[in-house]
$ cat final_1.cif   # mmCIF, C-alpha atoms and all ligand atoms
data_work
loop_
_atom_site.label_atom_id
_atom_site.label_comp_id
_atom_site.auth_asym_id
_atom_site.auth_seq_id
_atom_site.Cartn_x
_atom_site.Cartn_y
_atom_site.Cartn_z
CA MET A 1175 21.73 0.37 -17.15
CA ALA A 1176 22.61 2.92 -14.52
CA LYS A 1177 24.92 3.14 -11.52
CA ILE A 1178 22.68 4.26 -8.67
CA LEU A 1179 23.29 5.58 -5.15
CA ILE A 1180 20.41 5.11 -2.68
CA VAL A 1181 20.01 7.60 0.17
CA ASP A 1182 17.23 6.74 2.64
CA ASP A 1183 17.13 6.53 6.43
CA SER A 1184 14.99 3.41 6.34
CA LEU A 1185 16.85 0.15 5.85
CA THR A 1186 13.56 -1.47 4.80
CA SER A 1187 13.01 1.14 2.15
CA ARG A 1188 16.59 0.82 0.86
CA LYS A 1189 16.17 -2.94 0.62
CA ILE A 1190 12.92 -2.70 -1.33
CA LEU A 1191 14.38 -0.07 -3.67
CA LYS A 1192 17.58 -2.05 -4.18
CA GLY A 1193 15.62 -5.23 -4.93
CA ILE A 1194 13.51 -3.58 -7.62
CA LEU A 1195 16.41 -1.74 -9.25
CA GLU A 1196 18.82 -4.69 -9.24
CA THR A 1197 16.21 -7.04 -10.67
CA ALA A 1198 15.81 -4.58 -13.54
CA GLY A 1199 19.56 -4.74 -14.16
CA HIS A 1200 20.73 -1.52 -12.51
CA GLU A 1201 23.81 -1.45 -10.31
CA ILE A 1202 23.54 -0.14 -6.76
CA VAL A 1203 26.95 1.39 -6.13
CA GLY A 1204 26.25 2.60 -2.60
CA GLU A 1205 23.74 3.26 0.17
CA ALA A 1206 23.55 5.96 2.82
CA PRO A 1207 21.16 6.49 5.77
CA ASP A 1208 21.20 10.30 5.87
CA GLY A 1209 21.93 13.35 3.75
CA VAL A 1210 25.43 14.04 5.07
CA GLN A 1211 26.69 10.53 4.32
CA GLY A 1212 24.78 10.62 1.05
CA VAL A 1213 26.60 13.74 -0.14
CA ASP A 1214 29.98 12.23 0.85
CA LEU A 1215 29.24 9.02 -1.03
CA TYR A 1216 27.99 10.93 -4.04
CA LYS A 1217 31.32 12.80 -4.32
CA LYS A 1218 33.26 9.57 -3.91
CA LEU A 1219 31.21 7.32 -6.21
CA GLN A 1220 29.98 9.71 -8.92
CA PRO A 1221 26.86 7.63 -9.68
CA ASP A 1222 24.66 8.17 -12.76
CA ILE A 1223 21.64 8.67 -10.52
CA VAL A 1224 21.06 9.32 -6.82
CA THR A 1225 17.74 8.57 -5.12
CA LEU A 1226 17.09 10.92 -2.20
CA ASP A 1227 14.49 10.19 0.43
CA ILE A 1228 13.04 13.49 1.62
CA THR A 1229 12.37 12.68 5.29
CA MET A 1230 15.71 11.81 6.90
CA PRO A 1231 17.56 12.72 10.11
CA VAL A 1232 20.79 14.79 10.26
CA MET A 1233 20.25 16.23 6.77
CA ASP A 1234 17.07 15.69 4.78
CA GLY A 1235 16.77 14.95 1.09
CA ILE A 1236 16.30 18.58 0.08
CA GLY A 1237 19.48 19.62 1.92
CA ALA A 1238 21.39 16.78 0.28
CA LEU A 1239 20.02 17.69 -3.14
CA LYS A 1240 21.25 21.27 -2.72
CA GLU A 1241 24.78 20.20 -1.76
CA ILE A 1242 25.03 17.55 -4.46
CA ARG A 1243 23.93 20.00 -7.18
CA ASP A 1244 26.45 22.51 -5.83
CA VAL A 1245 29.35 20.14 -6.45
CA ASP A 1246 27.83 18.58 -9.60
CA PRO A 1247 25.37 20.87 -11.43
CA ASP A 1248 24.46 17.99 -13.78
CA ALA A 1249 23.62 15.56 -10.95
CA LYS A 1250 20.50 13.52 -11.63
CA ALA A 1251 18.46 13.14 -8.48
CA ILE A 1252 15.21 11.26 -8.02
CA MET A 1253 13.37 12.45 -4.92
CA VAL A 1254 11.66 9.71 -2.92
CA THR A 1255 8.76 10.86 -0.85
CA ALA A 1256 6.22 9.21 1.41
CA ALA A 1257 3.99 12.20 0.96
CA GLY A 1258 2.70 14.56 -1.64
CA GLN A 1259 3.83 17.61 0.30
CA LYS A 1260 3.47 20.45 -2.15
CA SER A 1261 5.96 22.83 -0.52
CA LYS A 1262 8.69 20.17 -0.36
CA MET A 1263 8.15 19.29 -4.00
CA VAL A 1264 8.31 22.92 -5.08
CA GLU A 1265 11.57 23.30 -3.13
CA ALA A 1266 13.03 20.15 -4.70
CA VAL A 1267 12.17 21.37 -8.20
CA LYS A 1268 13.81 24.71 -7.41
CA TYR A 1269 17.04 22.92 -6.47
CA GLY A 1270 17.02 20.86 -9.64
CA ALA A 1271 15.41 17.51 -8.79
CA ALA A 1272 14.98 15.44 -11.95
CA GLU A 1273 11.96 13.39 -10.86
CA PHE A 1274 9.80 12.23 -7.96
CA VAL A 1275 8.66 8.79 -6.87
CA ALA A 1276 6.19 8.10 -4.10
CA LYS A 1277 6.19 5.49 -1.35
CA PRO A 1278 4.89 2.81 -1.31
CA PHE A 1279 6.90 2.02 -4.45
CA ASP A 1280 5.06 1.07 -7.58
CA GLU A 1281 7.59 -1.08 -9.39
CA ASP A 1282 6.60 -0.15 -12.95
CA GLN A 1283 6.36 3.53 -12.18
CA LEU A 1284 9.74 3.54 -10.42
CA LEU A 1285 11.52 1.81 -13.31
CA GLU A 1286 9.91 4.11 -15.83
CA VAL A 1287 11.09 7.16 -13.89
CA VAL A 1288 14.64 5.77 -13.67
CA HIS A 1289 14.57 5.05 -17.40
CA ARG A 1290 13.42 8.59 -18.17
CA VAL A 1291 16.16 10.09 -16.03
CA VAL A 1292 18.86 7.89 -17.61
CA GLU A 1293 17.70 8.88 -21.10
CA GLY A 1294 17.23 12.54 -20.24
CA MET B 1057 -13.48 -8.03 8.88
CA PHE B 1058 -16.90 -9.32 9.91
CA GLY B 1059 -15.32 -12.66 10.78
CA SER B 1060 -12.72 -10.87 12.90
CA TYR B 1061 -15.47 -9.33 15.03
CA PHE B 1062 -18.11 -12.06 15.10
CA GLY B 1063 -15.54 -14.86 15.31
CA HIS B 1064 -13.94 -13.11 18.28
CA TYR B 1065 -17.34 -12.89 19.97
CA LEU B 1066 -18.02 -16.60 19.37
CA THR B 1067 -14.59 -17.53 20.72
CA GLU B 1068 -15.02 -15.35 23.78
CA GLN B 1069 -18.42 -16.96 24.48
CA GLY B 1070 -16.85 -20.40 24.22
CA ILE B 1071 -19.08 -21.29 21.27
CA ILE B 1072 -16.15 -22.05 18.99
CA THR B 1073 -12.49 -22.71 19.81
CA ALA B 1074 -9.58 -20.48 18.88
CA ASP B 1075 -8.38 -23.20 16.50
CA GLN B 1076 -11.74 -23.28 14.75
CA MET B 1077 -11.61 -19.50 14.46
CA THR B 1078 -8.18 -19.67 12.83
CA GLU B 1079 -9.36 -22.44 10.50
CA VAL B 1080 -12.41 -20.45 9.43
CA MET B 1081 -10.44 -17.24 8.89
CA GLN B 1082 -8.00 -19.15 6.65
CA ALA B 1083 -10.70 -20.95 4.68
CA GLN B 1084 -12.81 -17.82 4.32
CA LYS B 1085 -10.36 -16.41 1.82
CA SER B 1086 -11.31 -19.03 -0.78
CA ALA B 1087 -14.97 -19.54 0.14
CA ARG B 1088 -17.61 -19.53 -2.60
CA VAL B 1089 -20.96 -18.48 -1.29
CA LYS B 1090 -24.11 -20.25 -2.37
CA VAL B 1091 -27.12 -18.08 -3.16
CA GLY B 1092 -29.46 -20.47 -1.31
CA LEU B 1093 -27.58 -20.19 1.93
CA LEU B 1094 -27.48 -16.44 1.59
CA ALA B 1095 -31.24 -16.29 0.99
CA VAL B 1096 -31.91 -18.20 4.22
CA ALA B 1097 -29.33 -16.18 6.15
CA SER B 1098 -31.02 -12.99 4.97
CA GLY B 1099 -34.46 -14.28 5.95
CA LEU B 1100 -35.78 -14.20 2.37
CA LEU B 1101 -36.36 -17.95 2.21
CA THR B 1102 -37.12 -20.59 4.79
CA GLU B 1103 -34.80 -23.58 4.99
CA GLN B 1104 -37.62 -25.75 3.57
CA GLN B 1105 -37.99 -23.49 0.54
CA ALA B 1106 -34.24 -23.54 -0.06
CA ASP B 1107 -34.19 -27.33 0.23
CA LYS B 1108 -36.99 -27.60 -2.29
CA ILE B 1109 -35.14 -25.38 -4.78
CA ASN B 1110 -31.95 -27.38 -4.27
CA MET B 1111 -33.92 -30.53 -5.04
CA LEU B 1112 -35.43 -29.00 -8.17
CA GLN B 1113 -31.99 -27.76 -9.18
CA GLN B 1114 -30.69 -31.32 -9.28
CA LYS B 1115 -33.38 -32.19 -11.83
CA MET B 1116 -33.05 -29.17 -14.08
CA ASP B 1117 -30.03 -27.28 -15.26
CA LYS B 1118 -31.05 -23.90 -13.94
CA ARG B 1119 -29.61 -21.42 -11.52
CA PHE B 1120 -30.88 -21.29 -7.95
CA GLY B 1121 -32.12 -17.72 -8.36
CA ASP B 1122 -34.07 -18.49 -11.52
CA ILE B 1123 -35.88 -21.39 -9.90
CA ALA B 1124 -36.67 -19.29 -6.83
CA VAL B 1125 -38.28 -16.67 -9.09
CA GLU B 1126 -40.23 -19.34 -11.05
CA GLN B 1127 -41.53 -20.79 -7.81
CA GLY B 1128 -42.64 -17.33 -6.73
CA TYR B 1129 -40.37 -17.36 -3.66
CA LEU B 1130 -38.23 -14.42 -4.70
CA THR B 1131 -38.46 -11.44 -7.01
CA GLU B 1132 -35.81 -10.65 -9.64
CA GLU B 1133 -34.72 -7.72 -7.49
CA GLN B 1134 -34.25 -9.92 -4.44
CA VAL B 1135 -32.12 -12.32 -6.46
CA GLN B 1136 -29.96 -9.43 -7.63
CA GLU B 1137 -29.62 -8.23 -4.05
CA LEU B 1138 -28.42 -11.70 -3.05
CA LEU B 1139 -25.92 -11.80 -5.90
CA ASP B 1140 -24.56 -8.45 -4.70
CA LYS B 1141 -24.18 -9.85 -1.21
CA GLN B 1142 -22.25 -12.88 -2.41
CA GLY B 1143 -18.96 -11.05 -2.10
CA GLU B 1144 -19.65 -9.64 1.35
CA ASP B 1145 -17.58 -10.60 4.33
CA TYR B 1146 -20.57 -11.85 6.25
CA SER B 1147 -21.57 -14.22 3.45
CA THR B 1148 -18.16 -15.85 3.13
CA PHE B 1149 -17.86 -16.18 6.90
CA VAL B 1150 -21.25 -17.85 7.26
CA GLN B 1151 -20.61 -20.12 4.30
CA THR B 1152 -17.29 -21.25 5.75
CA MET B 1153 -18.75 -21.92 9.20
CA VAL B 1154 -21.53 -24.03 7.67
CA ASP B 1155 -19.20 -25.84 5.25
CA LYS B 1156 -16.86 -26.76 8.10
CA GLY B 1157 -19.83 -28.06 10.08
CA ILE B 1158 -18.95 -25.82 13.02
CA MET B 1159 -22.41 -24.26 13.33
CA THR B 1160 -25.69 -24.51 11.49
CA LEU B 1161 -27.23 -21.57 9.72
CA SER B 1162 -30.00 -21.12 12.26
CA GLU B 1163 -27.52 -21.24 15.15
CA LEU B 1164 -25.45 -18.61 13.38
CA THR B 1165 -28.39 -16.32 12.72
CA GLU B 1166 -29.33 -16.51 16.38
CA LYS B 1167 -25.78 -15.77 17.50
CA VAL B 1168 -25.52 -12.79 15.15
CA GLU B 1169 -28.48 -11.28 17.01
CA GLU B 1170 -26.75 -11.88 20.36
CA PHE B 1171 -23.53 -10.45 18.94
CA LYS B 1172 -25.39 -7.33 17.84
CA GLU B 1173 -26.95 -6.95 21.27
CA ALA B 1174 -23.69 -7.54 23.15
CA GLY B 1175 -21.79 -5.06 20.99
CA GLY B 1176 -24.57 -2.49 21.19
CA TYR B 1177 -24.60 -2.17 17.40
CA SER B 1178 -27.47 -0.49 15.55
CA ASP B 1179 -29.03 -2.17 12.50
CA ALA B 1180 -27.00 0.07 10.22
CA GLU B 1181 -23.80 -0.70 12.10
CA LEU B 1182 -24.40 -4.43 11.88
CA GLU B 1183 -24.94 -4.05 8.13
CA ALA B 1184 -21.69 -2.09 7.88
CA LEU B 1185 -19.83 -4.83 9.76
CA LYS B 1186 -21.35 -7.48 7.52
CA SER B 1187 -20.28 -5.60 4.40
CA GLY B 1188 -16.62 -5.69 5.44
CA ASP B 1189 -16.26 -2.17 4.01
CA ILE B 1190 -13.61 -0.56 6.18
CA ASP B 1191 -14.78 2.99 5.47
CA ARG B 1192 -18.18 2.09 6.93
CA ILE B 1193 -16.74 0.10 9.83
CA VAL B 1194 -14.21 2.58 11.25
CA PRO B 1195 -16.83 5.25 12.18
CA ILE B 1196 -18.62 2.70 14.42
CA PHE B 1197 -15.60 2.75 16.72
CA MET B 1198 -14.91 6.49 16.59
CA LYS B 1199 -17.58 7.84 18.91
CA GLU B 1200 -15.50 9.94 21.34
CA PRO B 1201 -17.33 13.30 21.24
CA ALA B 1202 -14.23 15.54 21.10
CA LEU B 1203 -12.78 13.90 18.00
CA SER B 1204 -12.12 16.30 15.14
CA ARG B 1205 -12.30 15.51 11.44
CA LEU B 1206 -8.49 15.27 11.36
CA HIS B 1207 -8.54 12.60 14.07
CA LYS B 1208 -11.23 10.63 12.29
CA GLU B 1209 -9.45 10.88 8.98
CA TYR B 1210 -6.23 9.68 10.60
CA ALA B 1211 -7.90 6.60 12.05
CA ALA B 1212 -9.46 5.80 8.68
CA VAL B 1213 -6.11 6.07 6.90
CA VAL B 1214 -4.36 3.85 9.48
CA MET B 1215 -7.00 1.14 9.28
CA ARG B 1216 -6.92 1.17 5.48
CA SER B 1217 -3.12 0.89 5.55
CA ILE B 1218 -3.19 -2.04 7.97
CA LEU B 1219 -5.73 -3.77 5.76
CA ARG B 1220 -3.74 -3.02 2.62
CA PHE B 1221 -0.20 -3.76 3.80
CA ILE B 1222 -0.40 -5.97 6.89
CA ASP B 1223 -3.43 -8.17 7.56
CA THR B 1224 -7.02 -8.73 6.48
CA ASP B 1225 -8.01 -10.23 9.85
CA ILE B 1226 -8.29 -6.97 11.77
CA ARG B 1227 -10.53 -5.84 14.57
CA MET B 1228 -10.39 -2.41 16.15
CA GLU B 1229 -11.82 -1.58 19.54
CA HIS B 1230 -13.60 1.67 20.34
CA ILE B 1231 -11.24 4.64 20.38
CA GLU B 1232 -10.38 5.82 23.90
CA LYS B 1233 -8.63 8.78 25.47
CA LEU B 1234 -5.04 7.87 26.18
CA LYS B 1235 -4.34 6.89 29.77
CA PRO B 1236 -0.76 5.94 30.63
CA PHE B 1237 0.01 2.40 29.50
CA GLN B 1238 3.02 0.20 29.04
CA GLY B 1239 4.04 -0.52 25.47
CA ILE B 1240 6.57 -3.27 25.13
CA CYS B 1241 8.12 -1.64 22.10
CA GLY B 1242 7.18 0.52 19.17
CA VAL B 1243 7.79 3.44 16.89
CA GLU B 1244 6.60 7.03 16.68
CA GLN B 1245 6.55 9.77 14.07
CA LYS B 1246 5.60 13.41 14.41
CA MET B 1247 4.24 15.75 11.79
CA PHE B 1248 4.57 19.52 11.84
CA GLY B 1249 3.11 22.28 9.73
CA ASP B 1250 -0.36 23.77 9.85
CA GLN B 1251 -1.03 21.30 12.68
CA MET B 1252 1.12 19.19 14.99
CA LEU B 1253 0.38 15.50 14.95
CA TYR B 1254 1.85 12.78 17.09
CA THR B 1255 1.51 9.20 15.83
CA GLY B 1256 2.79 5.94 17.26
CA ILE B 1257 2.46 2.17 17.05
CA PHE B 1258 3.20 0.25 20.24
CA GLY B 1259 2.65 -3.36 21.12
CA ASP B 1260 4.10 -6.53 22.46
CA LYS B 1261 6.65 -8.55 20.56
CA PRO B 1262 4.43 -10.88 18.47
CA ALA B 1263 2.29 -8.10 17.00
CA ILE B 1264 5.24 -5.80 16.32
CA LEU B 1265 7.15 -8.66 14.68
CA ASP B 1266 4.12 -9.51 12.53
CA ILE B 1267 3.95 -5.96 11.19
CA ALA B 1268 7.72 -5.91 10.65
CA SER B 1269 7.78 -9.25 8.85
CA THR B 1270 4.84 -8.52 6.59
CA PHE B 1271 5.87 -5.01 5.66
CA GLY B 1272 9.61 -5.74 5.52
CA GLY B 1273 9.10 -8.91 3.50
CA GLU B 1274 11.29 -11.13 5.69
CA ASP B 1275 10.91 -13.22 8.83
CA PHE B 1276 11.94 -11.17 11.84
CA THR B 1277 12.25 -13.03 15.16
CA GLU B 1278 13.77 -10.30 17.34
CA VAL B 1279 12.69 -6.79 18.17
CA ASN B 1280 15.77 -4.78 17.17
CA ALA B 1281 16.81 -1.88 14.96
CA GLU B 1282 16.11 -3.87 11.80
CA SER B 1283 12.63 -5.12 12.61
CA LEU B 1284 11.59 -1.80 14.16
CA ASP B 1285 12.85 -0.05 11.03
CA ALA B 1286 10.26 -2.00 9.04
CA VAL B 1287 7.51 -0.95 11.46
CA ALA B 1288 8.76 2.65 11.35
CA GLU B 1289 8.71 2.60 7.56
CA PHE B 1290 5.18 1.24 7.61
CA LEU B 1291 4.18 4.15 9.84
CA ASN B 1292 6.09 6.55 7.60
CA VAL B 1293 4.35 5.29 4.46
CA ASN B 1294 0.98 5.39 6.21
CA ASN B 1295 1.62 8.93 7.43
CA GLY B 1296 2.69 9.90 3.92
CA LEU B 1297 -0.71 8.78 2.66
CA TYR B 1298 -2.32 10.89 5.38
CA VAL B 1299 -0.22 13.95 4.54
CA THR B 1300 -1.18 13.53 0.89
CA ALA B 1301 -4.87 13.32 1.78
CA MET B 1302 -4.59 16.41 4.00
CA SER B 1303 -2.71 18.39 1.35
CA GLY B 1304 -5.77 17.85 -0.86
CA GLU B 1305 -7.66 19.78 1.82
CA TRP B 1306 -5.05 22.56 1.95
CA ILE B 1307 -3.52 21.40 5.22
CA GLU B 1308 0.25 21.22 4.83
CA LEU B 1309 2.13 18.80 7.05
CA ASP B 1310 5.76 17.73 7.16
CA LEU B 1311 6.99 14.37 8.33
CA GLU B 1312 9.77 14.07 10.89
CA PRO B 1313 12.05 11.05 10.81
CA PRO B 1314 10.50 8.27 12.93
CA MET B 1315 11.85 7.21 16.34
CA MET B 1316 12.20 3.61 17.51
CA TYR B 1317 11.76 2.19 21.01
CA PRO B 1318 13.03 -1.38 21.35
CA GLU B 1319 12.38 -1.56 25.09
CA GLN B 1320 9.39 -1.31 27.37
CA LYS B 1321 8.19 2.25 27.78
CA THR B 1322 5.28 4.07 29.38
CA ILE B 1323 3.21 6.03 26.92
CA SER B 1324 1.32 9.01 28.33
CA SER B 1325 0.15 12.50 27.52
CA GLU B 1326 -0.64 15.66 29.47
CA GLY B 1327 -3.13 16.81 26.87
CA ILE B 1328 -5.81 14.80 25.14
CA ALA B 1329 -4.39 12.00 23.04
CA TYR B 1330 -6.13 8.93 21.68
CA ARG B 1331 -5.48 5.24 21.61
CA ILE B 1332 -7.03 2.56 19.41
CA GLN B 1333 -6.39 -1.05 20.28
CA VAL B 1334 -6.26 -3.07 17.07
CA TYR B 1335 -6.05 -6.84 16.84
CA LEU B 1336 -4.19 -8.29 13.87
CA SER B 1337 -5.04 -11.99 13.64
CA GLY B 1338 -5.69 -11.80 17.38
CA LYS B 1339 -2.45 -9.99 18.27
CA LYS B 1340 -2.85 -6.56 19.79
CA VAL B 1341 -1.17 -3.34 18.77
CA ASN B 1342 -1.92 0.16 20.04
CA ILE B 1343 -2.29 3.02 17.64
CA VAL B 1344 -1.65 6.26 19.52
CA PHE B 1345 -2.20 9.70 18.07
CA SER B 1346 -2.88 13.26 19.09
CA LEU B 1347 -3.43 16.65 17.58
CA ASN B 1348 -1.47 19.67 18.80
CA THR B 1349 -0.45 18.01 22.02
CA ASP B 1350 2.60 15.88 22.68
CA VAL B 1351 2.75 12.26 23.80
CA SER B 1352 5.66 11.19 25.94
CA VAL B 1353 7.42 7.86 25.82
CA ASP B 1354 9.62 7.25 28.89
MG MG C 1 12.65 8.53 5.42
#

$ encode --input "final_1.cif" --output "structure tokens" --more "lines below"
Ligand SMILES: [Mg+2]
Amino acid sequence: MAKILIVDDSLTSRKILKGILETAGHEIVGEAPDGVQGVDLYKKLQPDIVTLDITMPVMDGIGALKEIRDVDPDAKAIMVTAAGQKSKMVEAVKYGAAEFVAKPFDEDQLLEVVHRVVEG
Amino acid sequence: MFGSYFGHYLTEQGIITADQMTEVMQAQKSARVKVGLLAVASGLLTEQQADKINMLQQKMDKRFGDIAVEQGYLTEEQVQELLDKQGEDYSTFVQTMVDKGIMTLSELTEKVEEFKEAGGYSDAELEALKSGDIDRIVPIFMKEPALSRLHKEYAAVVMRSILRFIDTDIRMEHIEKLKPFQGICGVEQKMFGDQMLYTGIFGDKPAILDIASTFGGEDFTEVNAESLDAVAEFLNVNNGLYVTAMSGEWIELDLEPPMMYPEQKTISSEGIAYRIQVYLSGKKVNIVFSLNTDVSVD
């Protein structure tokens, strides 16, 4: 089971994500509503996995991914996206995103992705 | 969806009460439609013929359709057609109304004609409404001449999302050009990229709280940052589905973080924007959107 940090500007989305992950036995070590706070919490908490919503105010998920991988080149980030925007996904891959999950969350798919990232 | 439209018409005309409408919409979800009733409703059998088959059916262990074919009332093809219609919205609505004793079949058939007339629906449009198929229903209400394919596609995605995530009792009015109106509260989200899109959901408290509660999975009673966050995330997810659909057509769009408006605002636009009034179980929300022109919320 993994220690996970959730970064998403939507409280609703964080709640849904947290519910699914905790039910499956993962531990949510922290939550942040934007990229800047997400990066700070990542440094402080050193989670196994961070989920990064792409569309966020202040600093988006791509920006946060870049900074997190700068301080921790082995960081495992799952990008959460409401959209299949090709350019954003290409950018995220370039900065070392481990995986993608799409909103609305499909519980089985989400858990499988987390499992893959933990194993990998 | 047929019940949402026709039931609204019947309520407006004072033919049924709002309570009866609610009762029917609830019961409709579990209704089992009888082939005999469907055959009469479709004009393939007279009531006398259906009665006779029902009587015969009590004596022999055969299906209604088989007896109708034996008696020479229906062809095999017509029976198949009726079986296909069993799952349609119209069928379950009619069955429920008759089961509840609210109206008889012949009264209903007559009122459907009046409903068609009053709504100015063509034969094909009435059939689309009866089918309950949202992809056939949305175009009926999208007749503004200046609408582009991107507008139409957006409306289709929104209506599918409402149906999928929020409510099955939905009724949209004809799309209209946005004139300034007061929205009690709401959320907006813009998209940039190959095009600029403005999207918003505004409404009074009950409708906004319904969306928030259903999508957020908890009972919200106040319009505040938490409940509006759920509505904003619904819009965000919906817009994500739209962006995905557009990216399949080589139109790249990027979502901005949504904005929330907990207090009464006036929604207006200097360019051409559109508004669709949608009723969710009778509660109205306004879907506002525009292409390459901004909408202001003050
Ligand atoms: Mg977001």

$ residues_near_ligand --input "final_1.cif" --ligand "ligand MG 1 (chain C)" --cutoff "12 Å" --atoms "only C-alpha atoms and all ligand atoms" --output "MDAnalysis selection string"
(chainID A and resid 1180:1188 1206:1209 1225:1236 1253:1257 1276:1278) or (chainID B and resid 1245 1285:1286 1288:1293 1295:1296 1310:1315)

$ atom_distance --input "final_1.cif" --atom1 "atom CA of A:Val1210" --atom2 "atom CA of B:Glu1319"
28.5 Å

$ residues_around --input "final_1.cif" --residues "B:Phe1258" --least-positions-apart "5" --cutoff "7 Å" --atoms "only C-alpha atoms" --output "ChimeraX atom specification"
/B:1239-1243,1341-1343

$ atom_distance --input "final_1.cif" --atom1 "atom CA of A:Lys1268" --atom2 "atom CA of B:Glu1308"
18.6 Å

$ residues_near_point --input "final_1.cif" --point "(-11.1, 1.1, 9.3)" --cutoff "8 Å" --atoms "all atoms listed in the file" --output "list in words"
Ile1190, Asp1191, Arg1192, Ile1193, Val1194, Pro1195, Ala1211, Ala1212, Val1213, Val1214, Met1215, Arg1216 and Met1228 of chain B

$ write_last_selection --input "final_1.cif" --atoms "C-alpha atoms" --output "CSV table (one decimal), in the frame of the given file"
chain,number,residue,atom,x,y,z
B,1190,ILE,CA,-13.6,-0.6,6.2
B,1191,ASP,CA,-14.8,3.0,5.5
B,1192,ARG,CA,-18.2,2.1,6.9
B,1193,ILE,CA,-16.7,0.1,9.8
B,1194,VAL,CA,-14.2,2.6,11.2
B,1195,PRO,CA,-16.8,5.2,12.2
B,1211,ALA,CA,-7.9,6.6,12.0
B,1212,ALA,CA,-9.5,5.8,8.7
B,1213,VAL,CA,-6.1,6.1,6.9
B,1214,VAL,CA,-4.4,3.8,9.5
B,1215,MET,CA,-7.0,1.1,9.3
B,1216,ARG,CA,-6.9,1.2,5.5
B,1228,MET,CA,-10.4,-2.4,16.2

$ closest_residue --input "final_1.cif" --among "A:Lys1177, A:Lys1250, A:His1200, A:Lys1217" --to "A:Gly1270" --atoms "all atoms listed in the file"
A:Lys1250

$ atom_distance --input "final_1.cif" --atom1 "atom CA of B:Leu1284" --atom2 "atom CA of B:Ile1257"
10.4 Å

$ residues_around --input "final_1.cif" --residues "A:Val1292" --least-positions-apart "3" --cutoff "12 Å" --atoms "only C-alpha atoms" --output "list in words"
Met1175, Ala1176, Lys1177, Ile1178, His1200, Pro1221, Asp1222, Ile1223, Val1224, Ala1249, Lys1250, Ala1251, Ile1252, Ala1272, Glu1273, Leu1285, Glu1286, Val1287, Val1288 and His1289 of chain A

$ closest_residue --input "final_1.cif" --among "A:Leu1215, A:Leu1179, A:Val1264, A:Leu1284" --to "A:Ile1202" --atoms "all atoms listed in the file"
A:Leu1179

$ closest_residue --input "final_1.cif" --among "A:Lys1189, A:Arg1243, A:Arg1290, A:Lys1218" --to "chain B" --atoms "all atoms listed in the file"
A:Lys1189

$ closest_residue --input "final_1.cif" --among "A:Gln1220, A:Gln1283, A:Gln1211, A:Thr1197" --to "A:Val1245" --atoms "all atoms listed in the file"
A:Gln1220

$ residues_around --input "final_1.cif" --residues "B:Asp1189" --least-positions-apart "5" --cutoff "10 Å" --atoms "only C-alpha atoms" --output "JSON list (two decimals) with C-alpha atoms, in the frame of the given file"
[["chain", "number", "residue", "atom", "x", "y", "z"],
["B", 1057, "MET", "CA", -13.48, -8.03, 8.88],
["B", 1058, "PHE", "CA", -16.90, -9.32, 9.91],
["B", 1144, "GLU", "CA", -19.65, -9.64, 1.35],
["B", 1145, "ASP", "CA", -17.58, -10.60, 4.33],
["B", 1183, "GLU", "CA", -24.94, -4.05, 8.13],
["B", 1184, "ALA", "CA", -21.69, -2.09, 7.88],
["B", 1194, "VAL", "CA", -14.21, 2.58, 11.25]]

$ residues_around --input "final_1.cif" --residues "B:Lys1199" --least-positions-apart "2" --cutoff "10 Å" --atoms "all atoms listed in the file" --output "PyMOL selection string"
chain B and resi 1194-1197+1201-1203+1208+1230-1232

$ residues_around --input "final_1.cif" --residues "B:Gly1121" --least-positions-apart "5" --cutoff "8 Å" --atoms "only C-alpha atoms" --output "PyMOL selection string"
chain B and resi 1091+1130+1135

$ build_atoms --input "final_1.cif" --residues "stretch 1274-1279 of chain A" --atoms "N, CA, C and O atoms" --output "mmCIF file, keeping the file's coordinate frame"
data_model
loop_
_atom_site.group_PDB
_atom_site.id
_atom_site.type_symbol
_atom_site.label_atom_id
_atom_site.label_comp_id
_atom_site.auth_asym_id
_atom_site.auth_seq_id
_atom_site.Cartn_x
_atom_site.Cartn_y
_atom_site.Cartn_z
ATOM 1 N N PHE A 1274 10.311 12.637 -9.271
ATOM 2 C CA PHE A 1274 9.800 12.230 -7.960
ATOM 3 C C PHE A 1274 9.243 10.814 -8.039
ATOM 4 O O PHE A 1274 8.630 10.468 -9.047
ATOM 5 N N VAL A 1275 9.436 10.037 -6.989
ATOM 6 C CA VAL A 1275 8.660 8.790 -6.870
ATOM 7 C C VAL A 1275 8.076 8.740 -5.458
ATOM 8 O O VAL A 1275 8.663 9.247 -4.503
ATOM 9 N N ALA A 1276 6.897 8.130 -5.375
ATOM 10 C CA ALA A 1276 6.190 8.100 -4.100
ATOM 11 C C ALA A 1276 6.283 6.728 -3.448
ATOM 12 O O ALA A 1276 6.354 5.708 -4.121
ATOM 13 N N LYS A 1277 6.327 6.729 -2.121
ATOM 14 C CA LYS A 1277 6.190 5.490 -1.350
ATOM 15 C C LYS A 1277 4.712 5.306 -1.060
ATOM 16 O O LYS A 1277 4.036 6.296 -0.823
ATOM 17 N N PRO A 1278 4.204 4.074 -1.018
ATOM 18 C CA PRO A 1278 4.890 2.810 -1.310
ATOM 19 C C PRO A 1278 5.247 2.705 -2.790
ATOM 20 O O PRO A 1278 4.504 3.191 -3.642
ATOM 21 N N PHE A 1279 6.394 2.089 -3.078
ATOM 22 C CA PHE A 1279 6.900 2.020 -4.450
ATOM 23 C C PHE A 1279 5.980 1.225 -5.357
ATOM 24 O O PHE A 1279 5.562 0.141 -5.022
#
